[in-house]
$ cat data36.cif   # mmCIF, C-alpha atoms
data_start
loop_
_atom_site.label_atom_id
_atom_site.label_comp_id
_atom_site.auth_asym_id
_atom_site.auth_seq_id
_atom_site.Cartn_x
_atom_site.Cartn_y
_atom_site.Cartn_z
CA MET A 1406 -6.31 -9.89 6.29
CA VAL A 1407 -2.81 -10.77 7.44
CA ASP A 1408 -3.79 -13.83 9.44
CA THR A 1409 -1.40 -15.86 7.26
CA LEU A 1410 1.81 -14.41 5.87
CA THR A 1411 3.34 -16.56 3.14
CA PRO A 1412 6.69 -16.20 1.37
CA ARG A 1413 6.44 -16.50 -2.42
CA PHE A 1414 9.00 -15.86 -5.15
CA LEU A 1415 8.36 -12.85 -7.34
CA ASP A 1416 7.89 -13.86 -10.97
CA ARG A 1417 7.30 -12.02 -14.22
CA SER A 1418 3.55 -12.01 -13.69
CA THR A 1419 3.82 -10.33 -10.28
CA ILE A 1420 6.43 -7.65 -11.07
CA ASP A 1421 3.69 -5.05 -11.59
CA LYS A 1422 1.93 -6.01 -8.40
CA ALA A 1423 5.05 -5.34 -6.33
CA PHE A 1424 5.39 -1.83 -7.73
CA PRO A 1425 3.11 0.02 -5.22
CA LEU A 1426 5.22 -1.32 -2.35
CA VAL A 1427 8.45 -0.30 -4.09
CA ARG A 1428 7.08 3.15 -4.90
CA ASN A 1429 6.12 3.60 -1.26
CA ILE A 1430 9.67 2.84 -0.14
CA VAL A 1431 11.44 4.60 -3.01
CA PRO A 1432 9.50 7.79 -3.81
CA GLY A 1433 9.73 8.79 -7.46
CA MET A 1434 10.29 5.23 -8.68
CA THR A 1435 8.72 4.51 -12.08
CA THR A 1436 7.29 1.20 -13.30
CA ALA A 1437 9.79 1.16 -16.18
CA ARG A 1438 12.77 1.58 -13.88
CA TRP A 1439 11.48 -1.02 -11.40
CA THR A 1440 10.88 -3.53 -14.20
CA GLN A 1441 14.29 -2.87 -15.73
CA PHE A 1442 15.92 -3.39 -12.33
CA VAL A 1443 14.09 -6.52 -11.26
CA ARG A 1444 13.90 -8.57 -14.48
CA PRO A 1445 17.56 -9.71 -14.42
CA HIS A 1446 17.03 -10.96 -10.85
CA LEU A 1447 14.31 -13.33 -12.13
CA ALA A 1448 16.31 -14.76 -15.02
CA PRO A 1449 17.18 -18.48 -14.58
CA ARG A 1450 20.68 -19.15 -13.29
CA SER A 1451 22.63 -22.15 -12.08
CA PRO A 1452 20.50 -24.05 -9.50
CA ASP A 1453 23.59 -24.21 -7.27
CA TRP A 1454 23.82 -20.42 -7.09
CA PRO A 1455 20.23 -19.21 -7.06
CA ARG A 1456 19.10 -15.64 -6.95
CA GLY A 1457 15.71 -13.98 -7.09
CA VAL A 1458 13.25 -11.80 -5.26
CA MET A 1459 11.23 -13.15 -2.35
CA THR A 1460 7.93 -11.52 -1.36
CA ILE A 1461 5.83 -11.86 1.75
CA GLN A 1462 2.15 -12.03 0.87
CA ASN A 1463 -1.00 -12.05 2.95
CA ALA A 1464 -3.80 -14.60 2.59
CA ALA A 1465 -5.38 -12.58 -0.23
CA GLY A 1466 -2.10 -12.58 -2.20
CA TYR A 1467 -1.15 -8.95 -1.65
CA ILE A 1468 2.57 -8.24 -1.41
CA LEU A 1469 3.47 -6.62 1.91
CA SER A 1470 7.27 -6.82 1.83
CA LEU A 1471 10.09 -8.12 -0.37
CA PHE A 1472 13.85 -8.56 -0.66
CA ALA A 1473 16.33 -9.51 -3.38
CA PHE A 1474 18.66 -12.44 -2.64
CA GLU A 1475 21.61 -14.21 -4.11
CA VAL A 1476 23.68 -17.19 -2.98
CA ARG A 1477 27.33 -16.22 -3.37
CA ALA A 1478 30.68 -17.91 -2.96
CA ASP A 1479 32.51 -16.48 0.04
CA LEU A 1480 36.13 -17.02 0.97
CA HIS A 1481 35.38 -17.17 4.69
CA GLU A 1482 31.96 -18.83 4.82
CA SER A 1483 32.05 -20.96 1.64
CA ARG A 1484 28.45 -20.16 0.69
CA ILE A 1485 26.80 -17.00 1.91
CA PHE A 1486 23.20 -15.80 1.49
CA HIS A 1487 23.20 -12.18 0.46
CA MET A 1488 19.97 -10.20 0.83
CA ASP A 1489 19.47 -6.60 -0.18
CA HIS A 1490 16.79 -4.17 -1.43
CA ILE A 1491 14.84 -5.17 1.66
CA MET A 1492 11.51 -3.35 1.49
CA ILE A 1493 9.34 -3.39 4.58
CA PRO A 1494 6.83 -0.53 4.71
CA ASN A 1495 6.57 1.63 7.78
CA LEU A 1496 3.18 0.25 8.80
CA PRO A 1497 1.81 0.13 12.32
CA GLY A 1498 2.22 -3.48 13.39
CA ARG A 1499 5.23 -4.03 11.14
CA GLY A 1500 6.92 -6.24 13.78
CA THR A 1501 5.00 -9.25 12.47
CA LEU A 1502 5.99 -8.42 8.93
CA TRP A 1503 9.60 -7.89 9.90
CA ALA A 1504 9.73 -11.31 11.58
CA SER A 1505 8.16 -13.03 8.57
CA THR A 1506 10.56 -11.37 6.13
CA ILE A 1507 13.70 -12.20 8.09
CA GLY A 1508 12.34 -15.70 8.82
CA ALA A 1509 11.79 -16.36 5.11
CA ALA A 1510 15.35 -15.28 4.32
CA GLU A 1511 16.82 -17.55 6.99
CA ARG A 1512 14.83 -20.59 5.80
CA LEU A 1513 15.88 -19.94 2.23
CA ALA A 1514 19.51 -19.60 3.30
CA GLU A 1515 19.38 -22.92 5.17
CA MET A 1516 17.71 -24.68 2.22
CA ASN A 1517 20.60 -23.51 0.04
CA GLY A 1518 23.32 -24.71 2.39
CA CYS A 1519 24.53 -21.25 3.34
CA ARG A 1520 26.56 -20.80 6.51
CA ALA A 1521 25.76 -17.13 7.01
CA ILE A 1522 23.49 -14.31 5.93
CA TRP A 1523 24.67 -10.93 4.78
CA ALA A 1524 21.76 -8.48 5.11
CA GLU A 1525 22.23 -5.10 3.50
CA PHE A 1526 19.91 -2.23 4.31
CA ARG A 1527 20.16 1.10 2.58
CA GLY A 1528 17.34 3.20 3.92
CA GLY A 1529 14.85 0.91 2.26
CA ALA A 1530 13.11 -0.40 5.31
CA GLY A 1531 11.39 2.81 6.28
CA LEU A 1532 13.07 2.78 9.69
CA SER A 1533 15.73 4.97 11.25
CA ASP A 1534 19.24 3.43 11.44
CA LYS A 1535 18.87 3.08 15.20
CA ASP A 1536 15.49 1.28 14.98
CA LEU A 1537 16.86 -0.88 12.20
CA LEU A 1538 19.87 -1.96 14.22
CA THR A 1539 17.68 -2.68 17.26
CA SER A 1540 15.35 -4.85 15.18
CA LEU A 1541 18.27 -6.71 13.59
CA GLU A 1542 19.96 -7.35 16.92
CA LYS A 1543 16.71 -8.78 18.29
CA SER A 1544 16.79 -11.25 15.38
CA GLY A 1545 20.37 -12.30 16.20
CA TYR A 1546 22.27 -10.12 13.72
CA ALA A 1547 25.34 -8.06 14.55
CA PRO A 1548 27.30 -5.39 12.65
CA GLU A 1549 30.15 -7.03 10.71
CA GLY A 1550 32.78 -5.45 8.49
CA VAL A 1551 32.52 -2.09 6.78
CA ARG A 1552 30.46 -1.25 3.76
CA ALA A 1553 31.18 2.20 2.39
CA PHE A 1554 29.28 4.21 -0.16
CA LYS A 1555 30.40 7.06 -2.39
CA ARG A 1556 28.20 8.69 -4.98
CA LEU A 1557 30.18 9.44 -8.14
CA GLY A 1558 29.58 12.61 -10.15
CA ALA A 1559 27.31 12.06 -13.15
CA LYS A 1560 29.08 13.13 -16.35
CA SER A 1561 25.92 13.39 -18.44
CA GLY A 1562 23.71 14.84 -15.73
CA ARG A 1563 21.61 11.68 -15.89
CA ALA A 1564 22.60 10.30 -12.50
CA GLY A 1565 19.91 7.61 -12.47
CA ASP A 1566 20.95 6.23 -15.83
CA GLY A 1567 24.61 6.17 -14.82
CA GLY A 1568 23.75 4.19 -11.68
CA ASP A 1569 21.88 1.60 -13.71
CA GLU A 1570 24.90 1.13 -15.99
CA ILE A 1571 27.13 0.32 -13.05
CA THR A 1572 24.60 -2.12 -11.64
CA ARG A 1573 24.29 -3.94 -14.92
CA SER A 1574 28.06 -4.28 -15.21
CA ALA A 1575 28.33 -5.76 -11.74
CA GLN A 1576 25.63 -8.32 -12.49
CA GLY A 1577 27.43 -9.20 -15.70
CA LEU A 1578 30.50 -10.13 -13.73
CA TYR A 1579 28.52 -12.43 -11.46
CA ASP A 1580 26.84 -14.05 -14.43
CA ALA A 1581 30.13 -14.78 -16.16
CA MET B 128 -9.41 20.25 -6.93
CA HIS B 129 -10.96 21.04 -3.59
CA SER B 130 -14.45 22.45 -3.18
CA SER B 131 -15.04 26.11 -2.39
CA ALA B 132 -15.88 25.13 1.20
CA CYS B 133 -12.38 23.66 1.57
CA ARG B 134 -10.83 26.70 -0.06
CA ASP B 135 -12.68 28.99 2.39
CA ASP B 136 -11.15 27.02 5.21
CA ALA B 137 -7.76 27.33 3.64
CA LYS B 138 -8.06 31.11 3.38
CA ASP B 139 -8.11 31.45 7.14
CA THR B 140 -5.48 28.94 8.02
CA MET B 141 -3.49 26.00 6.73
CA SER B 142 -5.42 22.86 5.80
CA ARG B 143 -4.10 20.80 8.65
CA PHE B 144 -5.32 23.41 11.12
CA SER B 145 -8.69 23.43 9.37
CA LEU B 146 -8.77 19.71 9.92
CA ALA B 147 -7.84 20.19 13.55
CA ALA B 148 -10.85 22.48 13.95
CA ARG B 149 -13.10 19.68 12.76
CA VAL B 150 -11.64 17.18 15.24
CA ARG B 151 -13.75 16.60 18.29
CA ALA B 152 -13.04 14.57 21.36
CA HIS B 153 -16.18 12.66 22.16
CA PRO B 154 -18.16 14.21 25.06
CA LEU B 155 -17.67 12.13 28.16
CA HIS B 156 -21.33 12.00 29.13
CA LEU B 157 -22.30 10.23 25.90
CA ALA B 158 -21.74 6.59 24.99
CA SER B 159 -18.38 5.89 23.31
CA PRO B 160 -18.51 6.38 19.52
CA CYS B 161 -17.10 2.84 19.30
CA ASP B 162 -20.38 1.50 20.71
CA THR B 163 -22.32 2.69 17.69
CA CYS B 164 -19.57 2.32 15.08
CA GLN B 165 -20.90 0.45 12.03
CA ALA B 166 -17.37 -0.24 10.79
CA ARG B 167 -16.16 -1.80 14.00
CA GLU B 168 -16.77 -5.35 12.85
CA PHE B 169 -14.46 -4.80 9.86
CA SER B 170 -11.81 -2.64 11.49
CA ALA B 171 -8.73 -3.12 13.65
CA CYS B 172 -10.91 -2.78 16.73
CA ALA B 173 -12.88 -5.98 16.11
CA PRO B 174 -10.83 -8.43 18.22
CA LEU B 175 -10.35 -6.13 21.18
CA THR B 176 -11.77 -6.73 24.62
CA ALA B 177 -13.85 -3.99 26.21
CA GLU B 178 -10.88 -2.88 28.29
CA GLU B 179 -8.54 -2.81 25.26
CA GLN B 180 -11.19 -0.97 23.28
CA LYS B 181 -11.32 1.63 26.02
CA ARG B 182 -7.56 2.14 25.90
CA LEU B 183 -7.61 2.55 22.13
CA ALA B 184 -10.54 4.98 22.35
CA ALA B 185 -8.58 7.04 24.88
CA ILE B 186 -6.02 8.03 22.22
CA MET B 187 -8.58 8.35 19.42
CA ARG B 188 -10.36 11.41 18.08
CA THR B 189 -13.29 11.47 15.66
CA VAL B 190 -12.80 13.55 12.51
CA ASN B 191 -15.58 14.54 10.10
CA ILE B 192 -14.52 15.55 6.60
CA GLU B 193 -16.74 17.21 4.02
CA PRO B 194 -16.81 15.96 0.42
CA HIS B 195 -13.80 16.95 -1.71
CA CYS B 196 -11.84 18.18 1.31
CA PRO B 197 -8.30 16.95 1.99
CA ILE B 198 -7.48 14.66 4.89
CA PHE B 199 -3.75 15.08 4.36
CA ASP B 200 -1.41 15.97 1.52
CA GLU B 201 1.58 14.13 0.12
CA ALA B 202 4.76 15.00 2.06
CA ASP B 203 2.83 16.30 5.10
CA PRO B 204 4.33 15.08 8.39
CA ALA B 205 2.79 11.65 9.03
CA GLU B 206 1.70 12.17 12.60
CA TYR B 207 -1.57 10.24 12.45
CA VAL B 208 -3.12 7.04 11.14
CA TYR B 209 -6.85 6.77 10.48
CA THR B 210 -9.63 4.21 10.34
CA ILE B 211 -12.49 5.14 8.01
CA THR B 212 -15.77 4.56 9.85
CA ALA B 213 -18.09 6.04 7.21
CA GLY B 214 -17.69 7.38 3.68
CA THR B 215 -15.23 6.95 0.82
CA VAL B 216 -11.71 8.32 0.39
CA LYS B 217 -9.54 8.57 -2.69
CA VAL B 218 -5.75 8.42 -2.40
CA TYR B 219 -3.61 9.92 -5.13
CA LYS B 220 -0.19 11.10 -6.15
CA LEU B 221 0.68 14.11 -8.26
CA LEU B 222 3.04 13.09 -11.05
CA GLY B 223 6.06 15.12 -12.13
CA ASP B 224 4.22 16.45 -15.19
CA GLY B 225 1.32 17.75 -13.07
CA ARG B 226 -1.08 14.89 -13.84
CA ARG B 227 -2.91 13.22 -10.98
CA GLN B 228 -2.84 9.43 -10.57
CA ILE B 229 -5.49 8.07 -8.22
CA THR B 230 -3.96 4.97 -6.67
CA GLY B 231 -6.95 3.65 -4.76
CA PHE B 232 -10.36 4.11 -3.20
CA LEU B 233 -10.84 3.26 0.47
CA PHE B 234 -14.07 2.56 2.32
CA ALA B 235 -15.54 2.19 5.81
CA GLY B 236 -13.41 -0.26 7.80
CA ASP B 237 -10.26 0.53 5.79
CA PHE B 238 -7.11 1.97 7.29
CA LEU B 239 -5.42 5.13 6.06
CA GLY B 240 -1.97 6.58 6.67
CA LEU B 241 0.68 4.47 4.96
CA THR B 242 3.98 6.33 5.12
CA HIS B 243 7.60 6.16 4.25
CA ASN B 244 9.72 7.63 7.01
CA GLU B 245 8.11 10.71 8.52
CA VAL B 246 5.87 11.96 5.72
CA TYR B 247 2.79 10.69 3.88
CA ALA B 248 3.53 9.03 0.56
CA TYR B 249 0.37 10.37 -1.14
CA SER B 250 -2.61 12.68 -0.67
CA ALA B 251 -6.00 11.60 0.66
CA GLU B 252 -9.33 13.33 0.02
CA ALA B 253 -12.92 12.57 1.03
CA LEU B 254 -15.31 11.86 -1.86
CA VAL B 255 -18.50 11.99 0.22
CA PRO B 256 -19.18 13.03 3.84
CA THR B 257 -16.59 10.92 5.64
CA ARG B 258 -15.95 10.08 9.28
CA LEU B 259 -12.60 8.84 10.53
CA CYS B 260 -11.05 7.72 13.78
CA ARG B 261 -7.70 9.46 14.09
CA PHE B 262 -4.85 7.95 16.13
CA PRO B 263 -1.44 9.54 16.86
CA ARG B 264 1.06 7.21 15.15
CA ARG B 265 3.56 7.21 18.02
CA ARG B 266 0.93 6.47 20.65
CA ILE B 267 -0.68 3.63 18.72
CA GLU B 268 2.73 2.03 18.23
CA ALA B 269 3.39 2.32 21.96
CA LEU B 270 0.04 0.64 22.58
CA LEU B 271 1.11 -2.37 20.49
CA ALA B 272 3.66 -3.25 23.14
CA GLU B 273 0.81 -3.43 25.67
CA ILE B 274 -1.75 -5.22 23.45
CA PRO B 275 0.36 -7.71 21.44
CA HIS B 276 -2.50 -9.38 19.57
CA LEU B 277 -3.49 -6.01 18.15
CA GLU B 278 -0.30 -5.95 16.08
CA GLN B 279 -1.25 -8.55 13.50
CA ARG B 280 -4.74 -7.16 13.17
CA LEU B 281 -3.40 -3.66 12.75
CA LEU B 282 -0.97 -4.80 10.10
CA ALA B 283 -3.88 -6.39 8.22
CA MET B 284 -5.77 -3.13 8.29
CA ALA B 285 -2.78 -0.92 7.54
CA SER B 286 -2.02 -2.85 4.38
CA HIS B 287 -5.33 -1.88 2.74
CA GLU B 288 -3.73 0.95 0.84
CA LEU B 289 -1.07 -1.33 -0.60
CA ALA B 290 -3.77 -3.83 -1.55
CA ALA B 291 -5.82 -1.14 -3.30
CA ALA B 292 -2.77 0.04 -5.22
CA GLN B 293 -1.90 -3.54 -6.22
CA ASP B 294 -5.43 -4.11 -7.52
CA GLN B 295 -4.96 -1.02 -9.61
CA MET B 296 -1.66 -2.26 -11.05
CA VAL B 297 -3.39 -5.43 -12.22
CA LEU B 298 -6.14 -3.34 -13.79
CA LEU B 299 -3.76 -1.02 -15.59
CA GLY B 300 -1.31 -3.65 -16.68
CA ARG B 301 -3.26 -6.17 -18.66
CA LYS B 302 -6.76 -4.98 -19.41
CA SER B 303 -8.62 -3.11 -22.14
CA ALA B 304 -10.66 0.01 -21.30
CA ARG B 305 -13.87 -2.04 -21.18
CA GLU B 306 -12.29 -4.69 -18.94
CA ARG B 307 -10.94 -1.99 -16.61
CA VAL B 308 -14.31 -0.30 -16.16
CA VAL B 309 -16.12 -3.59 -15.53
CA SER B 310 -13.37 -4.74 -13.13
CA LEU B 311 -13.77 -1.54 -11.13
CA ILE B 312 -17.56 -1.95 -10.95
CA LEU B 313 -17.15 -5.53 -9.68
CA MET B 314 -14.41 -4.48 -7.27
CA LEU B 315 -16.73 -1.86 -5.75
CA SER B 316 -19.53 -4.43 -5.56
CA ASN B 317 -17.28 -6.98 -3.81
CA SER B 318 -15.97 -4.33 -1.43
CA ALA B 319 -19.52 -3.30 -0.45
CA THR B 320 -20.48 -6.95 0.20
CA ARG B 321 -17.34 -7.52 2.27
CA HIS B 322 -18.28 -4.55 4.43
CA GLY B 323 -21.85 -5.74 4.97
CA ARG B 324 -23.54 -3.47 2.43
CA PRO B 325 -25.53 -4.53 -0.66
CA GLY B 326 -23.25 -5.24 -3.64
CA ASP B 327 -26.03 -4.49 -6.14
CA PRO B 328 -26.79 -1.76 -7.03
CA VAL B 329 -23.23 -0.49 -6.88
CA PHE B 330 -22.80 2.97 -5.39
CA LEU B 331 -20.25 5.12 -7.26
CA ALA B 332 -18.99 7.71 -4.78
CA MET B 333 -16.44 8.90 -7.32
CA SER B 334 -16.91 11.11 -10.39
CA ARG B 335 -16.28 9.89 -13.95
CA SER B 336 -13.13 12.02 -13.86
CA ASP B 337 -11.91 10.21 -10.71
CA ILE B 338 -12.65 6.86 -12.36
CA ALA B 339 -10.66 7.97 -15.41
CA ASP B 340 -7.71 9.05 -13.26
CA TYR B 341 -7.81 5.72 -11.44
CA LEU B 342 -8.09 3.53 -14.54
CA GLY B 343 -5.64 5.50 -16.67
CA LEU B 344 -8.35 6.39 -19.21
CA THR B 345 -9.90 9.63 -20.43
CA THR B 346 -13.23 10.78 -18.96
CA GLU B 347 -14.80 10.44 -22.42
CA THR B 348 -13.71 6.79 -22.68
CA VAL B 349 -15.16 6.05 -19.25
CA SER B 350 -18.50 7.65 -20.17
CA ARG B 351 -18.59 5.88 -23.56
CA THR B 352 -17.88 2.53 -21.87
CA PHE B 353 -20.70 3.00 -19.36
CA THR B 354 -23.08 3.86 -22.22
CA SER B 355 -21.94 0.82 -24.21
CA LEU B 356 -22.41 -1.53 -21.24
CA LYS B 357 -25.88 -0.08 -20.70
CA ARG B 358 -26.80 -0.47 -24.37
CA GLN B 359 -25.80 -4.14 -24.24
CA GLY B 360 -28.04 -4.71 -21.22
CA LEU B 361 -25.13 -5.58 -18.93
CA ILE B 362 -25.79 -2.74 -16.49
CA GLU B 363 -28.57 -0.32 -15.72
CA LEU B 364 -27.74 3.28 -14.79
CA LEU B 365 -30.27 4.04 -12.05
CA ASP B 366 -28.89 7.56 -11.64
CA ASP B 367 -25.52 9.30 -11.80
CA LYS B 368 -24.21 7.40 -8.77
CA ARG B 369 -25.91 4.00 -8.81
CA ILE B 370 -25.49 1.08 -11.19
CA ARG B 371 -27.53 -2.11 -11.24
CA LEU B 372 -25.63 -5.20 -12.36
CA SER B 373 -28.09 -6.79 -14.80
CA ARG B 374 -25.98 -9.71 -16.06
CA MET B 375 -23.44 -10.58 -13.40
CA SER B 376 -21.94 -13.67 -15.05
CA ALA B 377 -21.36 -11.79 -18.33
CA LEU B 378 -19.73 -8.93 -16.40
CA ARG B 379 -17.43 -11.40 -14.63
CA GLU B 380 -16.37 -12.86 -17.97
CA ILE B 381 -15.55 -9.40 -19.33
CA ALA B 382 -13.51 -8.56 -16.22
CA ASP B 383 -11.58 -11.82 -16.62
CA GLY B 384 -10.80 -10.98 -20.25
CA PHE B 385 -13.01 -13.56 -21.97
#
$ encode --input "data36.cif" --output "structure tokens"
Amino acid sequence: MVDTLTPRFLDRSTIDKAFPLVRNIVPGMTTARWTQFVRPHLAPRSPDWPRGVMTIQNAAGYILSLFAFEVRADLHESRIFHMDHIMIPNLPGRGTLWASTIGAAERLAEMNGCRAIWAEFRGGAGLSDKDLLTSLEKSGYAPEGVRAFKRLGAKSGRAGDGGDEITRSAQGLYDA
Amino acid sequence: MHSSACRDDAKDTMSRFSLAARVRAHPLHLASPCDTCQAREFSACAPLTAEEQKRLAAIMRTVNIEPHCPIFDEADPAEYVYTITAGTVKVYKLLGDGRRQITGFLFAGDFLGLTHNEVYAYSAEALVPTRLCRFPRRRIEALLAEIPHLEQRLLAMASHELAAAQDQMVLLGRKSARERVVSLILMLSNSATRHGRPGDPVFLAMSRSDIADYLGLTTETVSRTFTSLKRQGLIELLDDKRIRLSRMSALREIADGF
């Protein structure tokens, strides 16, 4: 039952459990690829600049939604809470889940002294862009800046592998 | 594989139209099917007032599905959500290499119809004679705006499929073949108890092949494990579909990996 929705950090022992939700949002996802993606997010980092994956669980401990987060330095806002890979399944009654997920992110951002939240959605929430924007605006969010996306041609024909390489490089820069 | 009865249906028309032919609006002169629904206590309908119940029933249709017939297929347009009021349903995905991975079993009181965007994320098939309440997705979402306290309840029900799949991930991830089989038996027992049915003997609506596809084992391993558990006096095979749990505490220890 979903009488109580509780935010809990994803850890190594619950990576597998989150997979059915991820597979529902990202068709064709494999356990190996999910594990490879999420493990670096769970690795310990400076307590001043935390990152991780937050899940929303029901009273029985089942994971109903999740998002990845990272506290980043920002020239304008000093500290900014960045959330992405937001996965909220397209369930009837998802309004409650949506509110719990966004609420957990905002509490976490406040606890970490962040002055703003940057929420990035990329088709992961199972909602149309219009519905997504409406839901965000109801929660006090507004479009800000421009975030552009260009898919680069895969030289080896292994587009998925190439994408992973780029992601790993970017994380390496943040870790440095 | 679908039974010959399902294939006969499919010869004449597409499966979703076959399903439509089996959908019946309840005759007005009879009592509402909700009045006699044995799953009502466990379903999304439980907290509703009589008036709210009536409004939900107005957009609902009852669907009867024969064993081994599809309810919907992966990538079909996700126009409906369902509540199972009787029977057992398996949900599965076809893998890229043609293998079938059963991701969960759902029972009376469970909700069916989890989607991503506009299509179903998996296929669903009845294992035994199954009855469902079918709701148009758009209309039920519109109803949430009018009956706010239904939303949380509906979310609880709609997350059953995710819960079943997460149980399976735990089973597949860290357990031996023997532990997986025992865990499934106990899971079915607990599910029956939760839904007001006896948890012992356990009723196995699914075939050994379905169990194998769910647990990531071969059919032979599943059969050998049942025989081994029987030989050790842990279970008693009453017939092909019913298992008596002879030593519950020992079974629990096996499931927990002791």
$ residues_around --input "data36.cif" --residues "Leu282 of chain B" --least-positions-apart "4" --cutoff "7 Å" --atoms "only C-alpha atoms" --output "list in words"
Val1407, Leu1496, Pro1497, Gly1498 and Arg1499 of chain A; Glu278 and Ser286 of chain B
$ interface_residues --input "data36.cif" --of "chain A" --to "chain B" --cutoff "12 Å" --atoms "all atoms listed in the file" --output "number ranges by chain"
A: 1406-1410, 1418-1436, 1462-1470, 1492-1505, 1528-1534, 1536
$ resolve_selection --input "data36.cif" --expression "the PyMOL selection byres ((chain A and resi 1513-1525) around 7)" --output "ChimeraX atom specification"
/A:1482,1484-1489,1509-1512,1526-1527
$ residues_around --input "data36.cif" --residues "segment 345-359 of chain B" --least-positions-apart "2" --cutoff "8 Å" --atoms "all atoms listed in the file" --output "mmCIF file with C-alpha atoms, keeping the file's coordinate frame"
data_model
loop_
_atom_site.group_PDB
_atom_site.id
_atom_site.type_symbol
_atom_site.label_atom_id
_atom_site.label_comp_id
_atom_site.auth_asym_id
_atom_site.auth_seq_id
_atom_site.Cartn_x
_atom_site.Cartn_y
_atom_site.Cartn_z
ATOM 1 C CA ALA B 304 -10.660 0.010 -21.300
ATOM 2 C CA ARG B 305 -13.870 -2.040 -21.180
ATOM 3 C CA VAL B 308 -14.310 -0.300 -16.160
ATOM 4 C CA ARG B 335 -16.280 9.890 -13.950
ATOM 5 C CA SER B 336 -13.130 12.020 -13.860
ATOM 6 C CA ILE B 338 -12.650 6.860 -12.360
ATOM 7 C CA ALA B 339 -10.660 7.970 -15.410
ATOM 8 C CA ASP B 340 -7.710 9.050 -13.260
ATOM 9 C CA GLY B 343 -5.640 5.500 -16.670
ATOM 10 C CA LEU B 361 -25.130 -5.580 -18.930
ATOM 11 C CA ILE B 362 -25.790 -2.740 -16.490
ATOM 12 C CA GLU B 363 -28.570 -0.320 -15.720
ATOM 13 C CA LEU B 364 -27.740 3.280 -14.790
#
$ resolve_selection --input "data36.cif" --expression "the PyMOL selection byres ((chain B and resi 256) around 8)" --output "NGL selection string"
:B and (191-194 or 213-215 or 253-255 or 257-258)
$ resolve_selection --input "data36.cif" --expression "the PyMOL selection byres ((chain A and resi 1444) around 12)" --output "MDAnalysis selection string"
chainID A and resid 1415:1421 1436:1443 1445:1449 1456:1458 1473 1573 1576
$ atom_distance --input "data36.cif" --atom1 "atom CA of Ile312 of chain B" --atom2 "atom CA of Tyr209 of chain B"
25.5 Å
$ atom_distance --input "data36.cif" --atom1 "atom CA of Ala205 of chain B" --atom2 "atom CA of Leu270 of chain B"
17.7 Å
$ closest_residue --input "data36.cif" --among "B:Leu313, B:Ala251, B:Ala185, B:Ala235" --to "Glu201 of chain B" --atoms "all atoms listed in the file"
B:Ala251
